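Undergrad: Got a structure for you, questions after.
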Amino acid sequence: MGDNDGNSIDLDENSFLSERCDTNDHSDAHLSSLLLLNALPQQVWTADETGAINYVNKMICHDFGFNQETIIAHGWQSFVHPEDLPESISRWQEALHSGKDYTAEFRLRFADGHYYWHLARAVGIKRDGKPNIWVGTNTNKHDQKNNEHRKDEFISIASHELKTPLTTIKGYNQLMLRQVSAGKIK
């Protein structure tokens, strides 16, 4: 599909999609698209060329505990953990500026008040060489992050537990070597 960055789609180079998107009858296609996006067990969203979110699926509404209009009015930034927000915004602005795919990891605040780790990815759908709509997903990877943290803790503890007896053995060995060099042990 031409000279695209990442997985972006260029409507100008795909005549079937261009013709389909240029028709005046969007009702069946629009309804089918919404049904598909809402059926996915994943957070799905779209944004316009300026980066403003203009659609979120029902999974996002369920997870955040707000309706679509409220989420869009608040903006995605209000749901991102404050520590993760600067990097997320920076990556999003870079993607909007360059037209390249967006990827970021951040914690999102759910309706229960807790934050959960997500991997966000978005691709720009291009027309006239630049994205005019962004389609994105947020994949919940909270369990994976927690498992990685537990694994790192285990490795740290195991490493310490293994080093302790080895240090004792090493010290005993050095003591024995001194005794041998002093002629006290043969």
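Residue numbering restarts at 1 for every chain of the structure tokens, chains are lettered A, B, ... in their displayed order, and ligands are numbered from 1 as they appear.
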Can you pull out every residue from stretch 74-135 of chain A that DSSP, working from the backbone, puts in strand (DSSP E or B), and format the result as an MDAnalysis selection string?
TA: chainID A and resid 80 102:109 115:127 130:135
Undergrad: Using backbone DSSP assignments, extract all helix (DSSP H, G or I) residues from stretch 20-184 of chain A; output them as a PyMOL selection string.
TA: chain A and resi 20-22+27-39+58-64+68-74+76-79+85-98+142-181
Undergrad: I'd like the neighbourhood of stretch 134-145 of chain A as an MDAnalysis selection string, where a residue qualifies if any of its atoms comes within 12 Å (using only C-alpha atoms), though same-chain residues fewer than 6 positions away should be ignored.
TA: chainID A and resid 7:10 37 40:57 59:60 63 76 80 92 95:96 99:110 114:127 151:152
Undergrad: Selection from above, C-alpha atoms, as a PDB file, in the first residue's frame, can you write it?
TA:
```pdb
ATOM      1  CA  ASN A   7       0.174   0.017   9.699  1.00  0.00           C
ATOM      2  CA  SER A   8      -1.534   3.210   8.531  1.00  0.00           C
ATOM      3  CA  ILE A   9      -4.015   2.980   5.702  1.00  0.00           C
ATOM      4  CA  ASP A  10      -3.941   5.384   2.778  1.00  0.00           C
ATOM      5  CA  LEU A  37     -16.419  -1.858  17.519  1.00  0.00           C
ATOM      6  CA  LEU A  40     -14.818  -6.175  20.657  1.00  0.00           C
ATOM      7  CA  PRO A  41     -13.680  -7.076  24.183  1.00  0.00           C
ATOM      8  CA  GLN A  42     -11.179  -4.234  23.985  1.00  0.00           C
ATOM      9  CA  GLN A  43     -11.201  -0.487  24.415  1.00  0.00           C
ATOM     10  CA  VAL A  44     -11.521   1.105  20.952  1.00  0.00           C
ATOM     11  CA  TRP A  45     -11.514   4.808  20.141  1.00  0.00           C
ATOM     12  CA  THR A  46     -11.156   7.208  17.239  1.00  0.00           C
ATOM     13  CA  ALA A  47      -9.791  10.735  17.012  1.00  0.00           C
ATOM     14  CA  ASP A  48      -9.885  13.413  14.350  1.00  0.00           C
ATOM     15  CA  GLU A  49      -6.839  14.866  12.593  1.00  0.00           C
ATOM     16  CA  THR A  50      -6.231  17.276  15.491  1.00  0.00           C
ATOM     17  CA  GLY A  51      -6.104  14.411  17.984  1.00  0.00           C
ATOM     18  CA  ALA A  52      -9.462  15.116  19.614  1.00  0.00           C
ATOM     19  CA  ILE A  53     -11.252  11.902  20.624  1.00  0.00           C
ATOM     20  CA  ASN A  54     -14.590  11.692  18.812  1.00  0.00           C
ATOM     21  CA  TYR A  55     -15.672   8.099  19.531  1.00  0.00           C
ATOM     22  CA  VAL A  56     -15.223   5.569  22.330  1.00  0.00           C
ATOM     23  CA  ASN A  57     -16.786   2.120  22.353  1.00  0.00           C
ATOM     24  CA  MET A  59     -16.030  -1.165  26.681  1.00  0.00           C
ATOM     25  CA  ILE A  60     -14.453   2.210  27.503  1.00  0.00           C
ATOM     26  CA  ASP A  63     -14.504   0.553  32.309  1.00  0.00           C
ATOM     27  CA  TRP A  76      -8.688  11.031  27.477  1.00  0.00           C
ATOM     28  CA  VAL A  80      -4.553   8.826  32.532  1.00  0.00           C
ATOM     29  CA  TRP A  92       0.554  11.476  20.940  1.00  0.00           C
ATOM     30  CA  ALA A  95       2.305  10.819  16.193  1.00  0.00           C
ATOM     31  CA  LEU A  96      -0.054  13.629  15.173  1.00  0.00           C
ATOM     32  CA  GLY A  99       1.659  10.760  10.963  1.00  0.00           C
ATOM     33  CA  LYS A 100       3.399   7.667  12.353  1.00  0.00           C
ATOM     34  CA  ASP A 101       1.707   5.091  14.551  1.00  0.00           C
ATOM     35  CA  TYR A 102       1.098   5.938  18.204  1.00  0.00           C
ATOM     36  CA  THR A 103       2.198   3.566  20.959  1.00  0.00           C
ATOM     37  CA  ALA A 104       2.279   4.290  24.688  1.00  0.00           C
ATOM     38  CA  GLU A 105       1.906   2.531  28.023  1.00  0.00           C
ATOM     39  CA  PHE A 106      -0.003   4.224  30.789  1.00  0.00           C
ATOM     40  CA  ARG A 107      -2.362   3.631  33.668  1.00  0.00           C
ATOM     41  CA  LEU A 108      -6.051   4.425  33.188  1.00  0.00           C
ATOM     42  CA  ARG A 109      -8.460   5.240  36.015  1.00  0.00           C
ATOM     43  CA  PHE A 110     -11.467   2.923  36.023  1.00  0.00           C
ATOM     44  CA  HIS A 114      -8.114   2.178  40.645  1.00  0.00           C
ATOM     45  CA  TYR A 115      -5.570   2.616  37.869  1.00  0.00           C
ATOM     46  CA  TYR A 116      -4.836  -0.245  35.465  1.00  0.00           C
ATOM     47  CA  TRP A 117      -1.912  -0.505  33.037  1.00  0.00           C
ATOM     48  CA  HIS A 118      -2.769  -0.330  29.324  1.00  0.00           C
ATOM     49  CA  LEU A 119      -0.928  -0.435  26.028  1.00  0.00           C
ATOM     50  CA  ALA A 120      -2.372   2.199  23.698  1.00  0.00           C
ATOM     51  CA  ARG A 121      -1.881   1.931  19.963  1.00  0.00           C
ATOM     52  CA  ALA A 122      -3.327   4.007  17.157  1.00  0.00           C
ATOM     53  CA  VAL A 123      -2.905   4.153  13.414  1.00  0.00           C
ATOM     54  CA  GLY A 124      -3.744   7.050  11.170  1.00  0.00           C
ATOM     55  CA  ILE A 125      -6.048   6.481   8.239  1.00  0.00           C
ATOM     56  CA  LYS A 126      -4.627   8.716   5.545  1.00  0.00           C
ATOM     57  CA  ARG A 127      -6.264  10.771   2.887  1.00  0.00           C
ATOM     58  CA  LYS A 151       9.017 -11.849  38.823  1.00  0.00           C
ATOM     59  CA  ASP A 152      11.519  -9.031  39.375  1.00  0.00           C
TER      60      ASP A 152
END
```
Undergrad: Calculated over only C-alpha atoms, which of the candidates A:Gln77, A:Ile133, A:Ala111, A:Ser33 has the smallest distance to A:Cys61?
TA: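 The shortest atom-to-atom distance to A:Cys61 comes from A:Ala111.
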Undergrad: Nearest residue to A:His62 out of A:Ser32, A:Asn38, A:Met176, A:His81, using only C-alpha atoms?
TA: A:Asn38
Undergrad: Skip A:Ser78 itself and residues of its chain fewer than 4 positions away, then list as a compact mmCIF listing (two decimals) with N, CA and C atoms, in the first residue's frame all residues within 12 Å of it, counting only C-alpha atoms.
TA:
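Generated file (selection_5.txt):
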```txt
# COMPACT_ATOMS: atom_id res chain seq x y z
N PHE A 64 -14.70 2.99 32.42
CA PHE A 64 -14.54 4.29 33.05
C PHE A 64 -15.76 4.69 33.90
N THR A 70 -19.78 12.05 28.01
CA THR A 70 -19.01 12.54 29.16
C THR A 70 -17.53 12.26 28.98
N ILE A 71 -17.21 11.06 28.53
CA ILE A 71 -15.80 10.69 28.32
C ILE A 71 -15.16 11.60 27.27
N ILE A 72 -15.87 11.80 26.17
CA ILE A 72 -15.34 12.66 25.10
C ILE A 72 -15.20 14.10 25.61
N ALA A 73 -16.16 14.58 26.39
CA ALA A 73 -16.10 15.95 26.92
C ALA A 73 -14.93 16.12 27.89
N HIS A 74 -14.68 15.12 28.74
CA HIS A 74 -13.57 15.21 29.69
C HIS A 74 -12.22 15.08 28.99
N PRO A 82 -1.57 10.74 36.50
CA PRO A 82 -0.76 11.97 36.36
C PRO A 82 0.72 11.72 36.08
N ASP A 84 1.96 9.34 34.29
CA ASP A 84 2.12 8.83 32.93
C ASP A 84 1.70 9.84 31.86
N LEU A 85 1.02 10.89 32.28
CA LEU A 85 0.43 11.83 31.33
C LEU A 85 1.44 12.58 30.46
N SER A 88 2.72 10.32 27.68
CA SER A 88 1.61 9.96 26.78
C SER A 88 1.28 11.10 25.83
N ILE A 89 1.20 12.31 26.37
CA ILE A 89 0.90 13.48 25.54
C ILE A 89 2.02 13.71 24.54
N ARG A 107 -1.32 4.14 32.79
CA ARG A 107 -2.36 3.63 33.67
C ARG A 107 -3.62 4.46 33.47
N LEU A 108 -4.77 3.77 33.35
CA LEU A 108 -6.05 4.42 33.19
C LEU A 108 -6.90 4.23 34.44
N ARG A 109 -7.59 5.30 34.84
CA ARG A 109 -8.46 5.24 36.01
C ARG A 109 -9.82 4.66 35.61
N PHE A 110 -10.20 3.59 36.30
CA PHE A 110 -11.47 2.92 36.02
C PHE A 110 -12.54 3.43 36.99
```
Undergrad: Would you mind telling me which residue in A:Leu36, A:Lys130, A:Gly183, A:Ser98 lies nearest to A:Lys58 when using only C-alpha atoms?
TA: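 Residue with the minimum atom-to-atom distance to A:Lys58: A:Leu36.
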Undergrad: Could you state the separation of atom CA of A:Glu87 and atom CA of A:Gly75 in Å, given to one decimal place?
TA: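 One can read the atom CA of A:Glu87 to atom CA of A:Gly75 distance as 16.2 Å.
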Undergrad: Go ahead and compute the interatomic distance for atom CA of A:Phe66 and atom CA of A:Phe79, in Å to one decimal.
TA: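 Interatomic distance here is 11.1 Å.
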